[in-house]
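*Asks:* The following file, structure27.txt, comprises compact mmCIF, C-alpha atoms and all ligand atoms:
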```txt
# COMPACT_ATOMS: atom_id res chain seq x y z
CA MET A 15 0.00 0.00 0.00
CA SER A 16 1.44 3.36 -0.96
CA ARG A 17 1.88 6.17 1.60
CA ASN A 18 -0.24 8.34 -0.65
CA ALA A 19 -3.17 5.92 -0.31
CA GLU A 20 -2.93 6.00 3.50
CA GLU A 21 -2.80 9.81 3.47
CA LEU A 22 -5.77 10.07 1.12
CA ALA A 23 -7.73 7.60 3.26
CA ALA A 24 -7.06 9.81 6.30
CA LEU A 25 -8.28 12.88 4.39
CA ILE A 26 -11.42 11.04 3.24
CA ARG A 27 -12.16 9.82 6.79
CA ASP A 28 -11.87 13.42 8.03
CA ARG A 29 -14.48 14.55 5.52
CA ALA A 30 -16.80 11.54 5.33
CA GLY A 31 -16.41 9.70 8.63
CA ALA A 32 -14.38 6.69 9.62
CA ALA A 33 -16.73 3.77 8.90
CA ALA A 34 -15.26 1.32 6.41
CA PRO A 35 -17.18 0.98 3.11
CA VAL A 36 -18.80 -2.44 2.80
CA TYR A 37 -18.65 -2.11 -0.99
CA GLY A 38 -16.58 -0.09 -3.39
CA MET A 39 -18.21 0.49 -6.77
CA VAL A 40 -16.73 1.78 -10.01
CA LEU A 41 -19.30 3.19 -12.42
CA GLY A 42 -18.77 2.83 -16.16
CA SER A 43 -19.69 5.07 -19.10
CA GLY A 44 -23.21 6.45 -18.76
CA LEU A 45 -23.78 4.60 -15.47
CA GLY A 46 -23.18 7.51 -13.12
CA HIS A 47 -26.73 8.08 -11.87
CA LEU A 48 -26.26 5.83 -8.84
CA ALA A 49 -23.52 8.05 -7.40
CA GLY A 50 -25.96 10.96 -7.11
CA THR A 51 -28.34 8.87 -4.99
CA VAL A 52 -25.80 8.05 -2.26
CA ASP A 53 -26.52 9.84 1.00
CA GLY A 54 -23.03 11.03 1.76
CA VAL A 55 -20.05 13.18 0.89
CA ALA A 56 -18.77 13.72 -2.67
CA ILE A 57 -15.08 14.50 -3.20
CA ASP A 58 -13.74 15.55 -6.61
CA TYR A 59 -10.89 13.40 -7.88
CA ALA A 60 -9.09 16.72 -8.42
CA ASP A 61 -8.97 17.13 -4.61
CA LEU A 62 -7.39 13.69 -4.16
CA ALA A 63 -3.71 14.07 -5.05
CA GLY A 64 -2.60 11.44 -7.54
CA PHE A 65 -6.11 10.36 -8.51
CA PRO A 66 -6.48 9.93 -12.27
CA HIS A 67 -7.89 12.66 -14.44
CA ALA A 68 -10.70 10.29 -15.63
CA GLY A 69 -11.66 12.71 -18.37
CA VAL A 70 -13.79 10.50 -20.65
CA SER A 71 -17.20 12.03 -21.35
CA GLY A 72 -19.99 10.09 -19.67
CA HIS A 73 -17.95 9.74 -16.47
CA ASN A 74 -18.21 11.94 -13.39
CA PRO A 75 -14.86 11.95 -11.60
CA LYS A 76 -15.99 12.11 -7.98
CA LEU A 77 -15.66 9.72 -5.08
CA VAL A 78 -18.93 9.56 -3.15
CA ILE A 79 -18.84 7.97 0.29
CA GLY A 80 -22.00 7.37 2.24
CA ASP A 81 -25.07 5.20 2.61
CA LEU A 82 -26.99 3.42 -0.11
CA GLU A 83 -29.95 1.41 1.15
CA GLY A 84 -28.45 1.80 4.63
CA VAL A 85 -25.12 0.21 3.64
CA ARG A 86 -21.86 2.13 3.61
CA VAL A 87 -20.44 2.38 0.08
CA ALA A 88 -17.60 4.16 -1.72
CA VAL A 89 -18.69 4.96 -5.27
CA PHE A 90 -16.05 5.90 -7.82
CA GLY A 91 -17.94 7.93 -10.44
CA GLY A 92 -15.01 8.19 -12.80
CA ARG A 93 -12.69 5.57 -14.18
CA ALA A 94 -9.34 6.06 -15.84
CA HIS A 95 -8.75 3.79 -18.82
CA TYR A 96 -5.49 2.48 -20.17
CA TYR A 97 -6.14 4.26 -23.46
CA GLU A 98 -6.16 7.69 -21.79
CA SER A 99 -2.59 7.56 -20.53
CA GLY A 100 -0.95 4.36 -21.72
CA ARG A 101 -0.83 3.28 -18.08
CA GLY A 102 -2.40 -0.06 -17.25
CA ASP A 103 -2.35 0.79 -13.55
CA ALA A 104 -4.33 4.03 -13.95
CA MET A 105 -6.87 2.90 -11.30
CA ARG A 106 -4.34 1.58 -8.81
CA LEU A 107 -4.44 4.52 -6.40
CA PRO A 108 -8.27 4.65 -6.13
CA LEU A 109 -8.35 0.91 -5.42
CA GLU A 110 -5.53 1.24 -2.88
CA VAL A 111 -7.55 3.99 -1.19
CA LEU A 112 -10.58 1.70 -1.03
CA LYS A 113 -8.43 -0.91 0.64
CA ALA A 114 -6.91 1.65 3.02
CA LEU A 115 -10.43 2.73 4.03
CA GLY A 116 -11.07 -0.85 5.10
CA GLY A 117 -13.03 -1.87 1.98
CA GLU A 118 -13.01 -5.57 1.14
CA ARG A 119 -15.42 -5.90 -1.79
CA LEU A 120 -15.50 -4.21 -5.16
CA ILE A 121 -18.22 -4.13 -7.80
CA LEU A 122 -17.11 -2.96 -11.23
CA THR A 123 -19.52 -1.86 -13.93
CA ASN A 124 -18.91 -1.08 -17.57
CA ALA A 125 -20.50 -0.59 -20.94
CA ALA A 126 -19.71 -3.35 -23.43
CA GLY A 127 -20.51 -4.74 -26.85
CA SER A 128 -22.01 -8.23 -27.10
CA MET A 129 -20.90 -11.12 -29.26
CA HIS A 130 -23.45 -13.47 -27.72
CA PRO A 131 -26.54 -14.18 -29.83
CA GLY A 132 -28.76 -14.21 -26.73
CA ILE A 133 -27.40 -11.03 -25.11
CA ASP A 134 -28.62 -7.81 -26.71
CA PRO A 135 -28.34 -4.04 -26.30
CA GLY A 136 -30.11 -3.04 -23.09
CA ASP A 137 -29.31 -6.38 -21.41
CA LEU A 138 -26.90 -6.95 -18.53
CA MET A 139 -24.15 -9.57 -18.35
CA MET A 140 -22.30 -10.55 -15.20
CA LEU A 141 -18.66 -11.48 -15.74
CA SER A 142 -17.76 -15.05 -14.90
CA ASP A 143 -14.24 -14.70 -16.27
CA HIS A 144 -12.24 -12.61 -18.71
CA ILE A 145 -9.77 -12.76 -21.58
CA ASN A 146 -7.02 -10.16 -21.51
CA PHE A 147 -6.93 -9.56 -25.24
CA SER A 148 -4.69 -6.50 -24.81
CA GLY A 149 -1.74 -8.47 -23.49
CA LEU A 150 -1.07 -5.61 -21.06
CA ASN A 151 -0.91 -6.03 -17.32
CA PRO A 152 -1.21 -3.35 -14.62
CA LEU A 153 1.28 -5.20 -12.41
CA ILE A 154 4.18 -5.00 -14.84
CA GLY A 155 7.00 -3.33 -12.90
CA GLU A 156 5.71 -4.51 -9.51
CA SER A 157 8.76 -6.00 -7.85
CA THR A 158 7.43 -8.24 -5.08
CA ASP A 159 6.30 -11.85 -5.40
CA ALA A 160 2.77 -10.59 -4.68
CA ARG A 161 2.67 -9.75 -8.40
CA PHE A 162 2.03 -13.42 -9.21
CA VAL A 163 -1.68 -13.07 -8.56
CA PRO A 164 -3.81 -16.20 -9.02
CA MET A 165 -6.73 -15.40 -11.32
CA THR A 166 -8.62 -18.71 -11.21
CA HIS A 167 -11.50 -17.41 -9.07
CA ALA A 168 -11.03 -13.73 -9.82
CA TYR A 169 -14.78 -13.11 -9.96
CA ASP A 170 -15.92 -13.97 -6.46
CA PRO A 171 -18.44 -16.86 -6.37
CA GLY A 172 -20.15 -15.54 -3.22
CA MET A 173 -20.62 -12.03 -4.59
CA ARG A 174 -21.88 -13.45 -7.88
CA ALA A 175 -24.42 -15.58 -6.03
CA ALA A 176 -25.65 -12.52 -4.09
CA LEU A 177 -26.00 -10.53 -7.33
CA ARG A 178 -27.77 -13.42 -9.06
CA ALA A 179 -30.22 -13.69 -6.15
CA ALA A 180 -30.85 -9.93 -6.23
CA ALA A 181 -31.45 -10.03 -10.01
CA GLU A 182 -33.84 -12.92 -9.63
CA ALA A 183 -35.74 -11.13 -6.87
CA GLU A 184 -36.09 -8.11 -9.17
CA GLY A 185 -37.12 -10.28 -12.14
CA ILE A 186 -34.14 -9.08 -14.20
CA PRO A 187 -32.22 -11.60 -16.36
CA LEU A 188 -28.53 -11.62 -15.43
CA PRO A 189 -26.71 -14.06 -17.71
CA GLU A 190 -23.04 -14.71 -16.98
CA GLY A 191 -20.36 -14.56 -19.62
CA ILE A 192 -16.76 -13.91 -20.51
CA TYR A 193 -15.54 -10.36 -21.09
CA ALA A 194 -12.62 -9.61 -23.37
CA TRP A 195 -10.53 -6.52 -22.67
CA TYR A 196 -9.54 -4.66 -25.81
CA SER A 197 -7.33 -1.64 -25.15
CA GLY A 198 -9.24 0.92 -27.24
CA PRO A 199 -9.75 3.77 -27.83
CA SER A 200 -10.62 2.72 -31.39
CA PHE A 201 -13.37 0.12 -31.48
CA GLU A 202 -12.61 -3.42 -32.67
CA THR A 203 -12.68 -4.55 -36.28
CA PRO A 204 -15.22 -7.20 -37.33
CA ALA A 205 -12.31 -9.62 -37.82
CA GLU A 206 -11.10 -9.01 -34.25
CA ILE A 207 -14.61 -9.61 -32.97
CA ARG A 208 -14.86 -12.89 -34.90
CA ALA A 209 -11.47 -13.88 -33.44
CA ILE A 210 -12.36 -13.20 -29.80
CA ARG A 211 -15.74 -14.86 -30.24
CA MET A 212 -13.90 -17.98 -31.41
CA LEU A 213 -11.67 -17.70 -28.34
CA GLY A 214 -14.74 -17.86 -26.12
CA ALA A 215 -15.59 -14.26 -25.28
CA ASP A 216 -19.21 -13.11 -24.97
CA ALA A 217 -18.70 -9.36 -24.58
CA VAL A 218 -15.96 -6.84 -25.28
CA GLY A 219 -14.96 -3.56 -23.67
CA MET A 220 -12.10 -1.20 -22.90
CA SER A 221 -11.93 -1.36 -19.10
CA THR A 222 -12.46 -3.50 -16.00
CA VAL A 223 -9.84 -6.22 -16.57
CA PRO A 224 -6.88 -4.17 -15.27
CA GLU A 225 -8.98 -3.17 -12.25
CA VAL A 226 -9.84 -6.80 -11.54
CA ILE A 227 -6.15 -7.72 -11.63
CA LEU A 228 -5.24 -4.80 -9.34
CA ALA A 229 -8.11 -5.57 -6.97
CA ARG A 230 -7.08 -9.22 -6.65
CA PHE A 231 -3.50 -8.06 -6.09
CA LEU A 232 -4.80 -5.93 -3.21
CA GLY A 233 -6.84 -8.82 -1.81
CA LEU A 234 -10.25 -7.32 -2.62
CA GLN A 235 -13.16 -9.58 -3.58
CA VAL A 236 -14.54 -8.63 -6.99
CA ALA A 237 -17.68 -8.86 -9.08
CA ALA A 238 -18.37 -7.09 -12.37
CA ILE A 239 -21.42 -6.42 -14.51
CA SER A 240 -21.56 -5.12 -18.08
CA THR A 241 -24.43 -3.16 -19.52
CA ILE A 242 -24.61 -4.14 -23.15
CA THR A 243 -24.90 -1.05 -25.33
CA ASN A 244 -24.44 -2.59 -28.77
CA LYS A 245 -23.77 -5.71 -30.74
CA ALA A 246 -19.99 -5.86 -31.29
CA ALA A 247 -18.48 -4.70 -34.60
CA GLY A 248 -19.76 -6.52 -37.66
CA LEU A 249 -22.63 -8.25 -35.84
CA SER A 250 -25.32 -5.71 -36.66
CA ASP A 251 -25.94 -2.75 -38.94
CA GLU A 252 -25.96 -0.21 -36.14
CA GLN A 253 -23.18 2.37 -36.08
CA ILE A 254 -20.88 1.84 -33.05
CA SER A 255 -19.75 5.07 -31.41
CA HIS A 256 -19.09 6.52 -27.96
CA ASP A 257 -22.22 8.69 -28.32
CA HIS A 258 -24.20 5.54 -28.99
CA THR A 259 -22.65 3.90 -25.89
CA LYS A 260 -23.63 6.86 -23.72
CA ALA A 261 -27.14 6.94 -25.19
CA MET A 262 -27.70 3.20 -24.66
CA ALA A 263 -26.06 2.76 -21.24
CA PRO A 264 -29.00 4.19 -19.24
CA LEU A 265 -31.21 1.33 -20.54
CA GLY A 266 -29.14 -1.20 -18.66
CA ALA A 267 -28.21 1.23 -15.89
CA GLU A 268 -31.73 1.35 -14.53
CA LYS A 269 -31.79 -2.45 -14.17
CA LEU A 270 -28.27 -2.52 -12.77
CA GLU A 271 -29.20 0.03 -10.13
CA ARG A 272 -32.21 -2.05 -9.06
CA ILE A 273 -30.03 -5.15 -8.72
CA LEU A 274 -27.38 -3.34 -6.69
CA ARG A 275 -29.95 -1.75 -4.38
CA ARG A 276 -31.69 -5.08 -3.85
CA MET A 277 -28.39 -6.79 -3.06
CA LEU A 278 -27.60 -4.09 -0.48
CA ARG A 279 -31.07 -4.32 1.09
CA ASP A 280 -31.03 -8.10 1.25
CA GLY A 281 -27.45 -7.97 2.57
N1 LIG B 1 -16.37 -2.43 -27.91
C1 LIG B 1 -15.57 -1.93 -26.94
N2 LIG B 1 -16.02 -1.21 -25.95
C2 LIG B 1 -17.34 -0.96 -25.89
C3 LIG B 1 -18.22 -1.44 -26.87
C4 LIG B 1 -17.70 -2.22 -27.94
O1 LIG B 1 -18.43 -2.67 -28.84
N3 LIG B 1 -19.46 -1.00 -26.53
C5 LIG B 1 -19.33 -0.29 -25.37
N4 LIG B 1 -18.04 -0.27 -24.98
```
Can you give me the file's structure in the form of structure tokens?
Ligand code: HPA

*Replies:*
Amino acid sequence: MSRNAEELAALIRDRAGAAAPVYGMVLGSGLGHLAGTVDGVAIDYADLAGFPHAGVSGHNPKLVIGDLEGVRVAVFGGRAHYYESGRGDAMRLPLEVLKALGGERLILTNAAGSMHPGIDPGDLMMLSDHINFSGLNPLIGESTDARFVPMTHAYDPGMRAALRAAAEAEGIPLPEGIYAWYSGPSFETPAEIRAIRMLGADAVGMSTVPEVILARFLGLQVAAISTITNKAAGLSDEQISHDHTKAMAPLGAEKLERILRRMLRDG
């Protein structure tokens, strides 16, 4: 844990109180509404020295700490992507801060394209596993043996079961599938999509995987849910664009929010 993370955690405790967050949550493109409903304190990333710029439109770079359905959460409204800086560990400090605050569980959300014939725009998909199609790793340069992080059960079975139960209680389908990380910022070609489909991926996106690796490195339990905003390149006639992603994300976001709230209520 870096000294900076401990110092930032102290600053955050001063402003928002000392209780440890039961869940950390990272909100993906167009999924920021939830942060505004937390009863707590919002701190701009700009006030947290070393936090990423997180300047992609559709993100709101604030950390909101407080209660959601009576449960203490730390919601990261902005995410830094590898493609913004060329740094795979762009989200390391925020995740270290979560850990330093006493957080143990992390829920990651993202917008993604689907390669699965049964998973369409507006649907959700919970990650059961991933393929790191970028070949990058946020732990490159880490010098301790802790860098050899096992990734066999990276997506926590207990958290997945709780999310599945919450989805079922809300009557919302929550299929599980494999997410491929593509670095971006350009979208994939149809040939790349055919290739990763053959490799076993169900959805594709430009985030989440480095955060899962970092979170497991830090000993956090992780779950992740994609909101599907489009069929991946070449699989439909629709035009893929970031504007389209932002326009479509709220469709899934409403369902995602209901699932997360239900999970918190049912504890
Ligand atoms: N590819 C990569 N990232 C995405 C997509 C996609 O099709 N849709 C939303 N984010």

*Asks:* List the neighbours of A:Asp81 out to 10 Å using only C-alpha atoms; skip same-chain residues closer than 6 positions along the sequence, and give me the result as JSON, numbers by chain.

*Replies:* {"A": [35, 36, 51, 52, 53, 54, 55, 87, 88]}

*Asks:* With C-alpha atoms retained, write the just-selected residues as a CSV table (one decimal), keeping the file's coordinate frame.

*Replies:*
```csv
chain,number,residue,atom,x,y,z
A,35,PRO,CA,-17.2,1.0,3.1
A,36,VAL,CA,-18.8,-2.4,2.8
A,51,THR,CA,-28.3,8.9,-5.0
A,52,VAL,CA,-25.8,8.0,-2.3
A,53,ASP,CA,-26.5,9.8,1.0
A,54,GLY,CA,-23.0,11.0,1.8
A,55,VAL,CA,-20.0,13.2,0.9
A,87,VAL,CA,-20.4,2.4,0.1
A,88,ALA,CA,-17.6,4.2,-1.7
```

*Asks:* As a quick test: using all atoms listed in the file, which residues lie no more than 7 Å away from ligand LIG 1 (chain B)? Give them as a VMD selection string.

*Replies:* chain A and resid 125 to 128 196 198 201 to 202 218 to 220 242 to 247 254 259

*Asks:* Using all atoms listed in the file, which residue out of A:Ala215, A:Met262, A:Leu153, A:Ala34 lies closest to A:Leu141?

*Replies:* A:Ala215

*Asks:* Atom CA of A:Phe231 to atom CA of A:Met165: how many Å, to one decimal?

*Replies:*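 We find that atom CA of A:Phe231 and atom CA of A:Met165 lie 9.6 Å from each other.
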
*Asks:* Residues at most 9 Å from A:Leu213, counting only C-alpha atoms, excluding those fewer than 4 positions away in the same chain, as a list in words?

*Replies:*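 Everything that qualifies: Ile145, Arg208 and Ala209 of chain A.
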
*Asks:* With a distance cut-off of 8 Å and all atoms listed in the file, select the neighbouring residues of A:Leu122, excluding the residue or stretch itself and same-chain residues fewer than 6 positions from it, and output the selection as a PyMOL selection string.

*Replies:* chain A and resi 39-42+222+236-239

*Asks:* Restricting the calculation to only C-alpha atoms: of A:Gly185, A:Gly84, A:Pro224, A:Gly46, which residue gets closest to A:Ile154?

*Replies:*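 For A:Ile154, the nearest of the candidates is A:Pro224.
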
*Asks:* How far is it from atom CA of A:Glu20 to atom CA of A:Leu107, in Å with one decimal?

*Replies:* 10.1 Å

*Asks:* Using Å and a single decimal, report how far atom CA of A:Val89 sits from atom CA of A:Ala183.

*Replies:*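 Here the two named atoms are 23.5 Å from each other.
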
*Asks:* Tell me, as a VMD selection string, which residues lie within 12 Å of A:Ala104, counting all atoms listed in the file; anything in the same chain fewer than 3 positions away does not count.

*Replies:* chain A and resid 64 to 68 92 to 101 107 to 110 151 to 153 221 to 225 228

*Asks:* Please determine, counting only C-alpha atoms, which residue among A:Leu188, A:Met277, A:Ala181, A:Ala205 has the shortest atom-to-atom distance to A:Leu82.

*Replies:*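 Closest to A:Leu82, using only C-alpha atoms: A:Met277.
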
*Asks:* Counting all atoms listed in the file, which residue out of A:Gly38, A:Asn124, A:Ser142, A:Leu112 sits closest to A:Leu22?

*Replies:*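 Distance minimum relative to A:Leu22 lands on A:Leu112.
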
*Asks:* For each of A:Met173, A:Gly31, A:Phe90, A:Glu268, take the minimum atom-to-atom distance to A:Tyr59, counting only C-alpha atoms, then give the residue where this is smallest.

*Replies:* A:Phe90

*Asks:* For A:Asp143, please output as a ChimeraX atom specification all residues within 8 Å (counting all atoms listed in the file; exclusion window: fewer than 4 positions along the same chain).

*Replies:* /A:168-169,191-193
